[in-house]
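Undergrad: data_5.cif is reproduced in full below (mmCIF, C-alpha atoms).
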data_data
#
loop_
_atom_site.label_atom_id
_atom_site.label_comp_id
_atom_site.auth_asym_id
_atom_site.auth_seq_id
_atom_site.Cartn_x
_atom_site.Cartn_y
_atom_site.Cartn_z
CA MET A 106 0.00 0.00 0.00
CA THR A 107 1.57 3.23 -1.14
CA TRP A 108 1.06 6.76 -2.46
CA THR A 109 2.40 7.86 -5.85
CA PHE A 110 2.51 11.55 -6.77
CA THR A 111 2.91 13.41 -10.05
CA ASP A 112 2.41 16.85 -11.57
CA ASP A 113 1.50 15.33 -14.96
CA VAL A 114 -2.25 14.97 -15.45
CA GLY A 115 -1.75 12.38 -18.20
CA VAL A 116 0.30 10.16 -15.90
CA PHE A 117 -2.30 10.57 -13.16
CA LEU A 118 -5.22 9.64 -15.39
CA ASP A 119 -3.37 6.69 -16.87
CA ALA A 120 -3.05 5.31 -13.35
CA ALA A 121 -6.32 6.42 -11.75
CA GLY A 122 -8.68 7.25 -14.60
CA ALA A 123 -10.49 3.91 -14.64
CA SER A 124 -11.03 4.10 -10.88
CA LEU A 125 -12.44 7.61 -11.17
CA ALA A 126 -14.79 6.67 -14.01
CA ALA A 127 -16.11 3.67 -12.07
CA ARG A 128 -17.55 6.04 -9.42
CA PRO A 129 -18.13 9.28 -11.31
CA ALA A 130 -20.58 10.86 -8.88
CA GLU A 131 -18.27 10.48 -5.88
CA ASN A 132 -15.32 11.63 -8.01
CA THR A 133 -17.04 14.58 -9.67
CA LEU A 134 -14.55 17.14 -8.34
CA VAL A 135 -11.43 15.33 -9.47
CA LEU A 136 -12.97 14.58 -12.88
CA THR A 137 -13.71 18.24 -13.56
CA ILE A 138 -10.39 19.46 -12.14
CA THR A 139 -8.34 17.08 -14.25
CA ALA A 140 -10.41 17.89 -17.34
CA ALA A 141 -9.50 21.55 -16.86
CA LEU A 142 -5.83 20.65 -16.45
CA ARG A 143 -5.88 18.64 -19.65
CA ARG A 144 -7.62 21.43 -21.49
CA HIS A 145 -5.68 24.42 -20.20
CA GLY A 146 -2.39 23.07 -18.92
CA PRO A 147 -0.77 22.82 -15.49
CA HIS A 148 -1.43 26.47 -14.60
CA ALA A 149 -5.17 26.28 -15.21
CA PHE A 150 -5.87 27.12 -11.57
CA GLY A 151 -2.93 29.31 -10.63
CA GLU A 152 0.77 29.91 -10.92
CA HIS A 153 1.77 26.83 -8.92
CA PRO A 154 1.85 23.40 -10.61
CA PRO A 155 -0.68 20.81 -9.46
CA VAL A 156 0.05 17.82 -7.27
CA MET A 157 -1.91 14.65 -8.03
CA GLY A 158 -1.63 11.34 -6.27
CA TRP A 159 -3.18 7.91 -5.99
CA TRP A 160 -3.19 5.34 -3.22
CA ARG A 161 -3.01 1.65 -4.05
CA GLY A 162 -4.69 -0.80 -1.74
CA PRO A 163 -3.40 -4.24 -0.68
CA GLY A 164 -4.46 -5.79 -3.97
CA GLY A 165 -2.80 -3.11 -6.07
CA GLU A 166 -6.09 -1.39 -6.88
CA VAL A 167 -6.44 2.41 -6.76
CA ALA A 168 -8.24 3.10 -3.49
CA GLY A 169 -8.35 6.89 -3.43
CA THR A 170 -6.90 9.98 -5.03
CA LEU A 171 -5.63 13.46 -4.22
CA VAL A 172 -5.70 16.50 -6.49
CA HIS A 173 -4.18 19.75 -5.23
CA THR A 174 -4.25 22.88 -7.40
CA PRO A 175 -3.00 25.77 -5.24
CA PRO A 176 -4.42 28.12 -4.07
CA HIS A 177 -7.39 25.76 -3.81
CA PRO A 178 -7.48 23.18 -1.03
CA ALA A 179 -6.43 19.62 -1.73
CA SER A 180 -9.35 17.45 -2.82
CA LEU A 181 -9.36 13.90 -1.43
CA ASN A 182 -11.65 11.47 -3.20
CA THR A 183 -13.02 8.01 -2.29
CA LEU A 184 -10.00 7.59 -0.05
CA ALA A 185 -9.38 4.51 2.07
CA PRO A 186 -9.03 5.52 5.75
CA GLN A 187 -5.67 3.76 6.09
CA ALA A 188 -4.25 6.07 3.41
CA VAL A 189 -4.63 9.22 5.54
CA GLY A 190 -1.61 8.70 7.82
CA PRO A 191 0.87 8.05 4.99
CA LEU A 192 -0.53 11.00 3.07
CA MET A 193 -0.04 13.40 5.95
CA ALA A 194 3.50 12.11 6.40
CA ALA A 195 4.23 12.68 2.71
CA LEU A 196 2.68 16.11 2.06
CA PRO A 197 2.43 19.28 4.21
CA LEU A 198 -1.29 19.79 3.65
CA THR A 199 -2.97 22.67 5.48
CA ARG A 200 -6.45 22.58 3.91
CA VAL A 201 -8.41 19.65 2.50
CA ASN A 202 -11.83 19.10 0.98
CA ALA A 203 -12.99 15.54 1.60
CA ASP A 204 -15.84 13.34 2.71
CA ARG A 205 -16.66 14.13 6.31
CA ALA A 206 -15.01 11.06 7.85
CA ILE A 207 -11.78 11.52 5.87
CA ALA A 208 -11.69 15.26 6.59
CA GLU A 209 -12.00 14.52 10.30
CA ALA A 210 -9.22 11.92 10.05
CA VAL A 211 -6.95 14.47 8.36
CA ALA A 212 -7.79 17.12 10.98
CA ALA A 213 -6.76 14.70 13.72
CA HIS A 214 -3.16 15.02 12.45
CA TRP A 215 -3.09 18.78 13.11
CA PRO A 216 -2.59 20.40 16.55
CA ALA A 217 -5.84 22.30 15.99
CA HIS A 218 -8.18 22.80 13.07
CA ARG A 219 -11.16 24.79 11.90
CA VAL A 220 -14.12 23.79 9.77
CA ILE A 221 -14.25 26.29 6.93
CA ARG A 222 -17.28 24.98 5.07
CA GLU A 223 -19.61 21.98 5.05
CA GLU A 224 -21.14 20.90 1.75
CA ARG A 225 -23.64 18.33 0.59
CA LEU A 226 -23.43 16.55 -2.75
CA TYR A 227 -26.82 15.95 -4.31
CA ARG A 228 -27.84 13.62 -7.13
CA LEU A 229 -30.90 14.29 -9.27
CA GLY A 230 -33.68 11.75 -8.82
CA GLU A 231 -37.04 12.39 -10.47
CA LEU A 232 -37.05 15.97 -11.69
CA VAL A 233 -39.95 18.03 -10.32
CA PRO A 234 -40.09 21.41 -12.08
CA PRO A 235 -41.40 24.26 -9.93
CA SER A 236 -45.17 24.54 -9.99
CA PRO A 237 -46.34 27.17 -10.46
CA ALA A 238 -43.32 28.26 -12.46
CA PRO A 239 -42.09 31.81 -11.89
CA GLU A 240 -42.69 34.43 -14.51
CA GLY A 241 -40.29 34.41 -17.41
CA ARG A 242 -38.43 31.83 -19.43
CA ALA A 243 -35.06 30.18 -19.84
CA ARG A 244 -32.70 30.98 -22.67
CA ALA A 245 -29.12 30.16 -23.56
CA ALA A 246 -26.54 32.79 -22.65
CA THR A 247 -24.94 34.53 -25.62
CA PRO A 248 -21.81 36.63 -26.12
CA ALA A 249 -24.00 39.72 -25.70
CA ASP A 250 -24.45 38.72 -22.03
CA ARG A 251 -20.71 38.61 -21.36
CA ASP A 252 -20.37 41.68 -19.13
CA LEU A 253 -23.36 40.63 -17.02
CA LEU A 254 -22.07 37.07 -16.69
CA LEU A 255 -18.62 38.26 -15.62
CA ARG A 256 -20.20 40.32 -12.83
CA TRP A 257 -22.36 37.40 -11.74
CA PHE A 258 -19.45 34.94 -11.76
CA ALA A 259 -17.46 37.33 -9.58
CA ALA A 260 -20.42 37.79 -7.23
CA PHE A 261 -20.95 34.03 -6.99
CA GLY A 262 -17.28 33.50 -6.13
CA ALA A 263 -17.38 36.19 -3.45
CA GLU A 264 -20.50 34.72 -1.86
CA THR A 265 -19.22 31.15 -1.82
CA GLY A 266 -15.89 32.10 -0.28
CA GLY A 267 -13.57 30.44 -2.78
CA PRO A 268 -10.04 31.65 -3.52
CA ALA A 269 -9.88 34.94 -5.38
CA LYS A 270 -9.85 34.41 -9.14
CA GLY A 271 -8.35 36.82 -11.59
CA ALA A 272 -10.45 38.33 -14.34
CA GLY A 273 -8.84 35.97 -16.82
CA ARG A 274 -10.23 32.91 -15.07
CA HIS A 275 -13.76 34.31 -15.08
CA GLU A 276 -13.43 35.36 -18.71
CA ARG A 277 -12.27 31.89 -19.72
CA ALA A 278 -15.14 30.22 -17.87
CA VAL A 279 -17.77 32.56 -19.26
CA ASP A 280 -16.48 32.39 -22.83
CA GLU A 281 -16.11 28.61 -22.87
CA ARG A 282 -19.45 27.88 -21.31
CA THR A 283 -21.27 30.37 -23.49
CA ALA A 284 -19.69 28.98 -26.66
CA GLU A 285 -20.49 25.40 -25.62
CA GLY A 286 -24.08 26.10 -24.53
CA ARG A 287 -23.35 25.41 -20.87
CA LEU A 288 -24.75 28.64 -19.40
CA THR A 289 -28.46 29.32 -19.12
CA LEU A 290 -30.24 32.49 -18.05
CA TRP A 291 -33.74 32.90 -16.67
CA GLU A 292 -35.17 36.19 -17.80
CA ASN A 293 -38.36 38.01 -16.88
CA GLY A 294 -39.66 40.71 -19.16
CA GLY A 295 -36.47 40.49 -21.18
CA VAL A 296 -34.31 41.11 -18.08
CA PRO A 297 -31.91 38.35 -16.91
CA VAL A 298 -32.68 37.50 -13.27
CA SER A 299 -30.82 34.22 -12.61
CA MET A 300 -28.24 31.91 -14.16
CA ALA A 301 -27.15 28.30 -13.97
CA GLY A 302 -24.22 26.57 -15.60
CA VAL A 303 -23.16 22.96 -16.04
CA SER A 304 -19.79 21.25 -16.19
CA LEU A 305 -18.54 19.24 -19.11
CA ARG A 306 -20.06 15.77 -19.25
CA LEU A 307 -17.40 13.40 -17.91
CA ALA A 308 -17.92 9.66 -17.40
CA GLY A 309 -21.61 10.26 -18.11
CA THR A 310 -21.90 12.84 -15.31
CA VAL A 311 -22.46 16.60 -15.18
CA ARG A 312 -22.50 18.96 -12.22
CA VAL A 313 -24.69 22.05 -12.04
CA ALA A 314 -22.60 25.12 -11.15
CA PRO A 315 -22.62 27.99 -10.73
CA VAL A 316 -26.18 28.93 -9.79
CA HIS A 317 -26.57 32.62 -9.01
CA THR A 318 -29.45 35.03 -8.52
CA PRO A 319 -28.66 38.66 -7.63
CA PRO A 320 -30.06 39.66 -4.21
CA GLU A 321 -32.74 41.92 -5.68
CA HIS A 322 -34.27 38.99 -7.61
CA ARG A 323 -34.18 36.31 -4.91
CA ARG A 324 -37.09 34.42 -3.30
CA ARG A 325 -39.16 34.49 -6.48
CA GLY A 326 -38.40 30.96 -7.68
CA TYR A 327 -35.94 31.91 -10.41
CA ALA A 328 -33.06 29.76 -9.13
CA ALA A 329 -35.28 26.68 -8.90
CA ALA A 330 -36.62 27.28 -12.40
CA VAL A 331 -33.26 27.78 -14.10
CA THR A 332 -31.71 24.84 -12.22
CA ALA A 333 -34.61 22.60 -13.23
CA GLU A 334 -34.16 23.69 -16.83
CA VAL A 335 -30.43 22.93 -17.04
CA SER A 336 -31.02 19.64 -15.18
CA ARG A 337 -33.69 18.62 -17.69
CA ALA A 338 -31.54 19.63 -20.64
CA SER A 339 -28.54 17.73 -19.27
CA ARG A 340 -30.53 14.54 -18.98
CA GLU A 341 -31.98 14.94 -22.44
CA ALA A 342 -28.45 15.46 -23.78
CA GLY A 343 -27.39 12.09 -22.37
CA ALA A 344 -26.10 12.65 -18.84
CA ALA A 345 -26.63 9.56 -16.71
CA GLU A 346 -26.04 11.53 -13.50
CA VAL A 347 -26.77 15.18 -12.73
CA LEU A 348 -25.15 16.46 -9.55
CA LEU A 349 -24.73 19.65 -7.56
CA PHE A 350 -23.12 20.84 -4.34
CA THR A 351 -24.73 23.08 -1.74
CA ASP A 352 -23.39 24.87 1.31
CA LEU A 353 -25.03 23.20 4.31
CA SER A 354 -25.15 26.55 6.11
CA ASN A 355 -27.67 27.79 3.52
CA PRO A 356 -31.03 26.09 4.22
CA VAL A 357 -32.74 28.07 1.45
CA SER A 358 -30.64 26.62 -1.38
CA ASN A 359 -30.81 23.12 0.08
CA GLY A 360 -34.58 23.39 0.21
CA VAL A 361 -34.77 24.66 -3.37
CA TYR A 362 -32.86 21.70 -4.75
CA THR A 363 -34.63 19.01 -2.76
CA ARG A 364 -38.00 20.38 -3.91
CA ILE A 365 -37.08 19.92 -7.56
CA GLY A 366 -35.88 16.36 -7.08
CA TYR A 367 -32.29 16.37 -5.86
CA ARG A 368 -31.41 13.79 -3.20
CA ALA A 369 -28.46 13.81 -0.80
CA LEU A 370 -25.56 11.57 -1.78
CA SER A 371 -22.73 12.51 0.63
CA ASP A 372 -21.41 15.28 2.84
CA ARG A 373 -18.02 16.92 2.46
CA MET A 374 -16.04 19.24 4.69
CA LEU A 375 -13.41 21.85 3.95
CA VAL A 376 -11.08 21.89 6.93
CA GLY A 377 -7.84 23.73 7.62
CA VAL A 378 -5.21 24.02 10.29
CA ALA A 379 -6.28 26.60 12.84
CA SER A 380 -3.42 28.95 11.92
CA ASP A 381 -4.08 28.73 8.17
CA ASP A 382 -5.32 32.04 6.80
CA GLY A 383 -5.77 30.78 3.24
#
What would you get if you wrote out this structure as structure tokens?
TA:
Amino acid sequence: MTWTFTDDVGVFLDAAGASLAARPAENTLVLTITAALRRHGPHAFGEHPPVMGWWRGPGGEVAGTLVHTPPHPASLNTLAPQAVGPLMAALPLTRVNADRAIAEAVAAHWPAHRVIREERLYRLGELVPPSPAPEGRARAATPADRDLLLRWFAAFGAETGGPAKGAGRHERAVDERTAEGRLTLWENGGVPVSMAGVSLRLAGTVRVAPVHTPPEHRRRGYAAAVTAEVSRASREAGAAEVLLFTDLSNPVSNGVYTRIGYRALSDRMLVGVASDDG
């Protein structure tokens, strides 16, 4: 049983790709992160190169992975509990995003820790569109919406507390998703009031993100409607699984998604050493 690390996404996927694809819902984060690295190169997420690793169990099978793209926290995925100790001995990790039990096992290796965020991964069951639907309609985002989308992406990032992203990262995300039909707006009276995006389809799975409604348009059902629309479209386009993450501290968003048919799959925690300011 051992860890192997690399900064080469091709090497990582050659070793761990089949394991990731066998459990695509549980591995949704690592699938989308490595897809971005393949598409945009090792600096897709920042100036520092990524660190990727896989743990082999007693039979030689891949029994968990790590993907770390600073300044983002390390993501641990479907990790065997016995892999935590050797990982912490091998890498100086200060923040991790992992299933609750693994996050707690990692935190036990630090003198003190803090819980930065708790998330729930949802899987779409039977889609239940909002009834009655809010006023308005869904439409695909177009290049004419670019300035608005850039503002909304920045606002979404600020609200969710992720690492600061330069304008170039937002521009890339908006331009790619618009060109590929992966951003949808809900508009009322010709005015955009909410948006939802979807990830690339990987191993038959897509993840809905980001979902954002400006404060002045909230509590009118727009987020539920646009999320239901992109969820429906993703299934019709061939996605076997449609997923999304929510912040467990936000009961409103969790309620929205469960009402339209999303069901809890697992909980994750972002934890950091108590002295970590990142």
Undergrad: Kindly provide, as a list in words, the polymer residues lying within 10 Å of (-9.0, 3.1, 5.1), counting all atoms listed in the file and using the coordinates exactly as they appear in the file.
TA: Gly162, Ala168, Gly169, Thr183, Leu184, Ala185, Pro186, Gln187, Ala188, Val189, Gly190 and Ile207 of chain A
Undergrad: Apply the PyMOL selection byres ((chain A and resi 130) around 8) to the structure shown and report the selected residues as a tab-separated table (two decimals) with C-alpha atoms, in the frame of the given file.
TA:
chain	number	residue	atom	x	y	z
A	128	ARG	CA	-17.55	6.04	-9.42
A	129	PRO	CA	-18.13	9.28	-11.31
A	131	GLU	CA	-18.27	10.48	-5.88
A	132	ASN	CA	-15.32	11.63	-8.01
A	133	THR	CA	-17.04	14.58	-9.67
A	228	ARG	CA	-27.84	13.62	-7.13
A	310	THR	CA	-21.90	12.84	-15.31
A	346	GLU	CA	-26.04	11.53	-13.50
A	348	LEU	CA	-25.15	16.46	-9.55
Undergrad: Using all atoms listed in the file, pick whichever of A:Ala260, A:Ala369, A:Ala284, A:Leu118 has the shortest atom-to-atom distance to A:Val167.
TA: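 Looking only at the distances to A:Val167, the closest residue turns out to be A:Leu118.
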Undergrad: Have a look at A:Ala140, A:Val279, A:Leu192, A:Glu152 and name the one nearest to A:Thr109; count all atoms listed in the file.
TA: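 Residue with the minimum atom-to-atom distance to A:Thr109: A:Leu192.
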Undergrad: Of the residues A:Thr137, A:Asn355, A:Asn182, A:Thr318, which is the one nearest to A:Ser304, using only C-alpha atoms?
TA: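 Once distances to A:Ser304 are computed over only C-alpha atoms, the minimum belongs to A:Thr137.
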Undergrad: Excluding same-chain residues fewer than 6 positions from A:Val298, what lies within 12 Å of it counting all atoms listed in the file, as a ChimeraX atom specification?
TA: /A:239-244,253-254,257,289-292,316-331
Undergrad: Please identify all polymer residues lying at most 7 Å from the point (-41.1, 24.3, -9.9) (file coordinates), using all atoms listed in the file, and present the result as a PyMOL selection string.
TA: chain A and resi 233-238+329-330+365
Undergrad: Could you state the separation of atom CA of A:Ala344 and atom CA of A:Val311 in Å, given to one decimal place?
TA: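 According to the coordinates, atom CA of A:Ala344 and atom CA of A:Val311 are separated by 6.5 Å.
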Undergrad: Env of A:Ala208: 12 Å cut, atoms = all atoms listed in the file, seq-sep filter 2 positions within chain, self excluded. Answer as number ranges by chain.
TA: A: 178-186, 189, 193, 198-206, 210-215, 218-223, 372-378
Undergrad: Would you mind listing what lies within 12 Å of A:Thr351 as a count of residues only, with all atoms listed in the file counted and same-chain residues fewer than 2 positions away left out?
TA: 34
Undergrad: Give the padded box for stretch 193-197 of chain A as lines of an AutoDock Vina configuration file: axis-aligned, covering all atoms listed in the file, 8 Å on each side, centre and edge lengths in Å to one decimal.
TA:
center_x = 2.1
center_y = 15.7
center_z = 4.2
size_x = 20.3
size_y = 23.2
size_z = 20.3
Undergrad: Please, what distance in Å, to one decimal, runs between atom CA of A:Leu142 and atom CA of A:Thr170?
TA: 15.7 Å
Undergrad: Given the file above and the PyMOL selection byres ((chain A and resi 278) around 12), which residues are selected, and can you give them as number ranges by chain?
TA: A: 141, 145, 149-150, 251, 254-255, 257-259, 270-277, 279-288, 302-305, 314-315
Undergrad: Between atom CA of A:Arg340 and atom CA of A:Arg306, what is the spacing in Å?
TA: 10.5 Å
Undergrad: Quick one: apply the PyMOL selection byres ((chain A and resi 121) around 9) to the file and drop the selected residues here as a list in words.
TA: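 Given this file, the PyMOL selection byres ((chain A and resi 121) around 9) evaluates to Val116, Phe117, Leu118, Asp119, Ala120, Gly122, Ala123, Ser124, Leu125, Ala126, Gly158, Trp159, Val167, Gly169 and Thr170 of chain A.
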